[in-house]
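To start, the structure under review is shown below, and the notes come after it.
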Amino acid sequence: MSDLKTVAKISDLKPGECKTVVAGDRELALANVGGKFHACDNTCPHQGGPLGEGILDGQNIVCPWHGWRFNVTTGKSPNIPVSVDAFECVVEGDDVKVKV
């Protein structure tokens, strides 16, 4: 069963930005893609880099350590058959919530 966790305010992230947030016991990368929020696991499967500290390139979050890329809407890498978990985001009022 999924549970909604408030992780940010909509004013915390401008379009094109990402950051690390905590939802329950999970650390996630939260991204604002054109005004729509998306979340994925914060840990890059390559060597554990913090995806939320990376940059957002369109729908792809780029790991700051070695440049691995993951689509924040699906969690899939556009380059190789590797993925991270992606989570649905919901905006309620000024709150950004993630289903975990």
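Each chain in the structure tokens gets a letter, A, B, ..., in the order shown, and its residues are numbered from 1; ligands are numbered from 1 in order too.
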
> Which residues come within 12 Å of range 68-74 of chain A, counting only C-alpha atoms, excluding same-chain residues fewer than 3 positions away, as a ChimeraX atom specification?
Replying inline: /A:16-18,28-33,36-52,54-65,77-89

Using only N, CA and C atoms, please write the residues we just selected to a file, as a short mmCIF file (atom, residue, chain, number, x, y, z; two decimals), in the first residue's frame.
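Listing of part23.cif after writing:
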data_model
loop_
_atom_site.label_atom_id
_atom_site.label_comp_id
_atom_site.auth_asym_id
_atom_site.auth_seq_id
_atom_site.Cartn_x
_atom_site.Cartn_y
_atom_site.Cartn_z
N GLY A 16 13.13 23.01 -13.94
CA GLY A 16 14.50 22.71 -14.32
C GLY A 16 15.43 22.44 -13.16
N GLU A 17 14.91 22.45 -11.94
CA GLU A 17 15.73 22.19 -10.76
C GLU A 17 15.41 20.85 -10.14
N CYS A 18 16.38 20.32 -9.39
CA CYS A 18 16.17 19.09 -8.62
C CYS A 18 16.86 19.23 -7.28
N LEU A 28 15.05 10.56 -1.72
CA LEU A 28 14.64 10.65 -3.12
C LEU A 28 15.22 11.89 -3.77
N ALA A 29 15.30 11.84 -5.09
CA ALA A 29 15.62 13.02 -5.89
C ALA A 29 14.29 13.55 -6.41
N LEU A 30 14.00 14.80 -6.09
CA LEU A 30 12.77 15.44 -6.53
C LEU A 30 13.12 16.42 -7.64
N ALA A 31 12.37 16.40 -8.73
CA ALA A 31 12.66 17.26 -9.87
C ALA A 31 11.40 17.98 -10.33
N ASN A 32 11.58 19.21 -10.79
CA ASN A 32 10.51 20.00 -11.38
C ASN A 32 10.77 20.07 -12.88
N VAL A 33 9.97 19.33 -13.63
CA VAL A 33 10.10 19.31 -15.09
C VAL A 33 8.95 20.11 -15.68
N LYS A 36 5.88 20.35 -13.48
CA LYS A 36 5.35 19.09 -12.98
C LYS A 36 6.45 18.39 -12.17
N PHE A 37 6.07 17.88 -11.00
CA PHE A 37 7.04 17.26 -10.10
C PHE A 37 7.13 15.76 -10.31
N HIS A 38 8.37 15.26 -10.20
CA HIS A 38 8.66 13.84 -10.34
C HIS A 38 9.70 13.47 -9.29
N ALA A 39 9.68 12.21 -8.86
CA ALA A 39 10.66 11.75 -7.88
C ALA A 39 11.19 10.38 -8.28
N CYS A 40 12.46 10.15 -7.93
CA CYS A 40 13.08 8.85 -8.15
C CYS A 40 14.05 8.61 -7.01
N ASP A 41 14.55 7.37 -6.91
CA ASP A 41 15.56 7.07 -5.90
C ASP A 41 16.69 8.07 -6.02
N ASN A 42 17.25 8.46 -4.90
CA ASN A 42 18.34 9.42 -4.89
C ASN A 42 19.69 8.78 -5.18
N THR A 43 19.80 7.47 -5.02
CA THR A 43 21.08 6.80 -5.14
C THR A 43 21.31 6.24 -6.54
N CYS A 44 22.36 6.72 -7.19
CA CYS A 44 22.73 6.21 -8.51
C CYS A 44 23.25 4.78 -8.35
N PRO A 45 22.77 3.85 -9.17
CA PRO A 45 23.22 2.46 -9.04
C PRO A 45 24.67 2.23 -9.48
N HIS A 46 25.29 3.21 -10.10
CA HIS A 46 26.68 3.05 -10.55
C HIS A 46 27.62 2.96 -9.35
N GLN A 47 27.72 4.06 -8.60
CA GLN A 47 28.59 4.06 -7.42
C GLN A 47 27.99 4.83 -6.27
N GLY A 48 26.66 4.94 -6.25
CA GLY A 48 25.98 5.54 -5.11
C GLY A 48 25.92 7.05 -5.09
N GLY A 49 26.16 7.69 -6.22
CA GLY A 49 26.11 9.15 -6.28
C GLY A 49 24.73 9.69 -5.93
N PRO A 50 24.66 10.90 -5.37
CA PRO A 50 23.39 11.52 -4.98
C PRO A 50 22.71 12.20 -6.16
N LEU A 51 21.73 11.56 -6.76
CA LEU A 51 21.08 12.10 -7.96
C LEU A 51 20.46 13.47 -7.71
N GLY A 52 19.92 13.70 -6.53
CA GLY A 52 19.30 14.98 -6.22
C GLY A 52 20.26 16.15 -6.23
N GLY A 54 22.49 16.36 -8.62
CA GLY A 54 22.87 16.47 -10.02
C GLY A 54 22.14 17.61 -10.70
N ILE A 55 22.19 17.58 -12.02
CA ILE A 55 21.47 18.60 -12.79
C ILE A 55 20.34 17.93 -13.55
N LEU A 56 19.35 18.72 -13.91
CA LEU A 56 18.23 18.24 -14.68
C LEU A 56 18.43 18.70 -16.12
N ASP A 57 18.40 17.74 -17.04
CA ASP A 57 18.54 18.01 -18.47
C ASP A 57 17.27 17.50 -19.14
N GLY A 58 16.30 18.38 -19.30
CA GLY A 58 14.98 17.96 -19.78
C GLY A 58 14.34 17.07 -18.74
N GLN A 59 14.01 15.84 -19.11
CA GLN A 59 13.43 14.89 -18.16
C GLN A 59 14.49 14.00 -17.52
N ASN A 60 15.75 14.21 -17.85
CA ASN A 60 16.82 13.36 -17.34
C ASN A 60 17.57 14.04 -16.20
N ILE A 61 17.74 13.29 -15.12
CA ILE A 61 18.57 13.75 -14.03
C ILE A 61 19.95 13.14 -14.25
N VAL A 62 20.98 13.97 -14.09
CA VAL A 62 22.35 13.55 -14.38
C VAL A 62 23.12 13.46 -13.07
N CYS A 63 23.65 12.28 -12.79
CA CYS A 63 24.40 12.06 -11.56
C CYS A 63 25.63 12.97 -11.53
N PRO A 64 25.85 13.66 -10.40
CA PRO A 64 26.99 14.58 -10.33
C PRO A 64 28.34 13.88 -10.25
N TRP A 65 28.36 12.60 -9.94
CA TRP A 65 29.64 11.91 -9.80
C TRP A 65 30.22 11.45 -11.12
N SER A 77 17.25 4.56 -17.50
CA SER A 77 18.36 5.24 -18.15
C SER A 77 18.08 5.29 -19.65
N PRO A 78 18.33 6.43 -20.30
CA PRO A 78 18.14 6.49 -21.75
C PRO A 78 19.30 5.85 -22.52
N ASN A 79 20.37 5.49 -21.82
CA ASN A 79 21.58 5.00 -22.48
C ASN A 79 21.84 3.51 -22.29
N ILE A 80 21.53 2.99 -21.12
CA ILE A 80 21.86 1.60 -20.78
C ILE A 80 20.68 0.94 -20.08
N PRO A 81 20.63 -0.39 -20.03
CA PRO A 81 19.49 -1.07 -19.40
C PRO A 81 19.59 -1.12 -17.86
N VAL A 82 19.56 0.06 -17.26
CA VAL A 82 19.62 0.21 -15.81
C VAL A 82 18.53 1.21 -15.43
N SER A 83 17.97 1.05 -14.24
CA SER A 83 16.95 2.01 -13.81
C SER A 83 17.00 2.21 -12.30
N VAL A 84 16.32 3.24 -11.86
CA VAL A 84 16.08 3.50 -10.45
C VAL A 84 14.56 3.53 -10.27
N ASP A 85 14.09 3.35 -9.07
CA ASP A 85 12.66 3.40 -8.81
C ASP A 85 12.15 4.83 -9.01
N ALA A 86 11.01 4.97 -9.66
CA ALA A 86 10.35 6.26 -9.83
C ALA A 86 9.07 6.26 -9.01
N PHE A 87 8.69 7.43 -8.51
CA PHE A 87 7.55 7.55 -7.62
C PHE A 87 6.62 8.65 -8.10
N GLU A 88 5.34 8.41 -7.96
CA GLU A 88 4.33 9.40 -8.36
C GLU A 88 4.33 10.57 -7.38
N CYS A 89 4.23 11.77 -7.92
CA CYS A 89 4.13 12.97 -7.11
C CYS A 89 2.74 13.58 -7.27
#

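The list of residues with at least one atom within 7 Å of range 2-7 of chain A, based on only C-alpha atoms and without residues fewer than 5 positions apart in the same chain, reads A:Val21, A:Val22, A:Ala23, A:Gly24, A:Asp95, A:Val96, A:Lys97, A:Val98, A:Lys99, A:Val100.
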
Using all heavy atoms, can you write the selected residues to a file as a short mmCIF file (atom, residue, chain, number, x, y, z; two decimals), in the first residue's frame?
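Contents of result_13.cif, freshly written:
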data_model
loop_
_atom_site.label_atom_id
_atom_site.label_comp_id
_atom_site.auth_asym_id
_atom_site.auth_seq_id
_atom_site.Cartn_x
_atom_site.Cartn_y
_atom_site.Cartn_z
N VAL A 21 15.31 14.97 -1.20
CA VAL A 21 14.27 15.07 -0.18
C VAL A 21 14.16 13.72 0.54
O VAL A 21 14.68 12.71 0.05
CB VAL A 21 12.90 15.46 -0.78
CG1 VAL A 21 12.96 16.85 -1.41
CG2 VAL A 21 12.42 14.44 -1.80
N VAL A 22 13.47 13.73 1.66
CA VAL A 22 13.26 12.50 2.41
C VAL A 22 11.75 12.23 2.48
O VAL A 22 10.97 13.13 2.81
CB VAL A 22 13.84 12.60 3.83
CG1 VAL A 22 13.52 11.37 4.65
CG2 VAL A 22 15.35 12.81 3.77
N ALA A 23 11.36 11.00 2.15
CA ALA A 23 9.96 10.58 2.22
C ALA A 23 9.92 9.31 3.05
O ALA A 23 10.31 8.23 2.58
CB ALA A 23 9.40 10.32 0.83
N GLY A 24 9.50 9.44 4.30
CA GLY A 24 9.52 8.29 5.19
C GLY A 24 10.96 7.89 5.44
O GLY A 24 11.78 8.70 5.87
N ASP A 95 1.82 21.99 -1.14
CA ASP A 95 2.65 20.85 -0.78
C ASP A 95 2.89 19.91 -1.95
O ASP A 95 1.98 19.60 -2.73
CB ASP A 95 1.99 20.03 0.34
CG ASP A 95 1.92 20.76 1.65
OD1 ASP A 95 2.80 21.62 1.91
OD2 ASP A 95 1.00 20.49 2.44
N VAL A 96 4.13 19.46 -2.07
CA VAL A 96 4.48 18.40 -3.02
C VAL A 96 4.57 17.11 -2.21
O VAL A 96 5.32 17.05 -1.23
CB VAL A 96 5.82 18.67 -3.72
CG1 VAL A 96 6.16 17.54 -4.68
CG2 VAL A 96 5.79 20.01 -4.45
N LYS A 97 3.79 16.13 -2.60
CA LYS A 97 3.76 14.85 -1.89
C LYS A 97 4.19 13.73 -2.83
O LYS A 97 3.95 13.80 -4.03
CB LYS A 97 2.37 14.57 -1.34
CG LYS A 97 1.91 15.64 -0.35
CD LYS A 97 0.55 15.34 0.22
CE LYS A 97 0.18 16.41 1.25
NZ LYS A 97 -1.01 16.04 2.00
N VAL A 98 4.81 12.72 -2.26
CA VAL A 98 5.28 11.58 -3.03
C VAL A 98 4.61 10.32 -2.49
O VAL A 98 4.50 10.14 -1.27
CB VAL A 98 6.82 11.45 -2.94
CG1 VAL A 98 7.29 10.21 -3.69
CG2 VAL A 98 7.50 12.69 -3.48
N LYS A 99 4.17 9.46 -3.42
CA LYS A 99 3.61 8.17 -3.02
C LYS A 99 4.74 7.18 -2.86
O LYS A 99 5.44 6.85 -3.82
CB LYS A 99 2.62 7.65 -4.08
CG LYS A 99 1.32 8.39 -4.10
CD LYS A 99 0.35 7.73 -5.06
CE LYS A 99 -0.97 8.48 -5.05
NZ LYS A 99 -1.94 7.86 -5.96
N VAL A 100 4.95 6.72 -1.63
CA VAL A 100 5.98 5.72 -1.35
C VAL A 100 5.37 4.49 -0.72
O VAL A 100 4.29 4.54 -0.19
CB VAL A 100 7.10 6.29 -0.42
CG1 VAL A 100 7.90 7.34 -1.15
CG2 VAL A 100 6.54 6.83 0.86
#

* Closest to Glu53 in chain A among A:Val91, A:Lys19, A:Gly75, A:Glu27, using only C-alpha atoms? ->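 Distance minimum relative to Glu53 in chain A lands on A:Lys19.
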
task: Between CA of Gly67 in chain A and CA of Ala8 in chain A, measure the distance and give it in Å to one decimal.
output: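 CA of Ala8 in chain A lies at a distance of 25.5 Å from CA of Gly67 in chain A.
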
For this session: Please return as an MDAnalysis selection string: the residues of range 12-70 of chain A that backbone DSSP assigns to strand (DSSP E or B).
Result: chainID A and resid 18:23 26:33 36:41 43 50 55:57 60:62 69:70
